[in-house]
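This report concerns only the one structure given below.
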Amino acid sequence: MESLNTPWSAISARLKSEANDEQLLQIKEWLDLSPENPMILSEIINTWSLTRHKTQFYEPDKSINWEKLMKRIGHSTSKKININTYYRWIAAASILVLVFLAGIGLGDGFFRRPGIIPLVRIVAPEGNKTQIVLPDNTHVWLNSGSELQYPGNFSAQNRQVTMKGECFFVVTKDPDHPFVVEGTKIRVKVYGTQFNMNEDRFTKGTEVTLISGKVEVYNRDNKFLSKLNPGEQLVYNNGLSQVQKTQNPEALTSWINNMLIFNNQPFKEVIYYLEKWYGVKITLNGTLDFNYTFKIKTESLREVLELISFITPIDYQIEGEKVNIKYRQNMKK
């Protein structure tokens, strides 16, 4: 699988605001040639935005370039690509391309608005996870349905990002330039650390869990809430914060290692995480007062539901991305 005729010169000119009408048209026509091309362009834009190096573009060896690109976005040429996952990657890449193109002026008539710093927006599609490396070598994992934004002028001296959903950060240490994460309700100041930040709809608040290093947590009015030690978790909800010991950090962050660990968790919570993991919508008919302890790695959704059906009396039906679960009888623990 290889993308042909990538218009390197036209893309280079556009990124430097030097493209003429012919080159802009060339880019648009190339994007329409293949569903792979938006993904390739998103990678080019992302690399350019991170480095901000306005060097002369050149056309590299295509086979080597394609192999590097596939490795960077998480594919291996020796593996068969899952069709659904592949097109979700393309969808995510297309979103990134469209958002960034609008930011640098390729949208809305291809005109750049002066004085506006473009934003890079990374989206993890439902049922998929994404990992990126920022210019300061900070690693960020995005869980299913999560978003990360940072300005195009992000640098080792200006380290600030915003997020929605759930992200795991391994932040490069720099005491003189703290790394700042802005959520919808709180902001976290980081000095070189590993931590998980979760504010998705199931938590109904924001959770910051520190694995190593140190962080300071503030509300959006910049009021200091707490400093966390490794193994501690801050829960912020309705203007109130509480610091507690993390009961099971392995289960909490297992998703970055492509595992899903349940440790005596209620079925309502299990359903929510299965929806995120497999990118489906689960409808539950009835109630069940059971807790579950098991681990998911490579199992399919059908295999997981079969496992649950051995433990509890349920029937299930999978119809594409919709799953219906019904209890066969009332059963008390």
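Ligands are numbered from 1 in the order shown, residues from 1 within each chain, and chains are lettered A, B, ... in the order they appear in the structure tokens.
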
**Request:** Excluding A:Asn248 and any residue of its chain fewer than 6 positions from it, enumerate the residues within 10 Å of it, using only C-alpha atoms, and give them as a list in words.
**Result:**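 My list of contacting residues is Gly231, Ile261, Phe262 and Asn263 of chain A.
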
Item to complete: Just the strand (DSSP E) stuff from stretch 139-181 of chain A, please, per backbone DSSP, written as a VMD selection string.
Response: chain A and resid 139 to 142 147 to 151 160 to 164 166 to 170 179 to 181

*Which one is closest to A:Pro7: A:Met259, A:Leu307, A:Leu24, A:Met197? Count only C-alpha atoms.*
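Going through A:Met259, A:Leu307, A:Leu24, A:Met197 one by one, the smallest distance to A:Pro7 is for A:Leu24.
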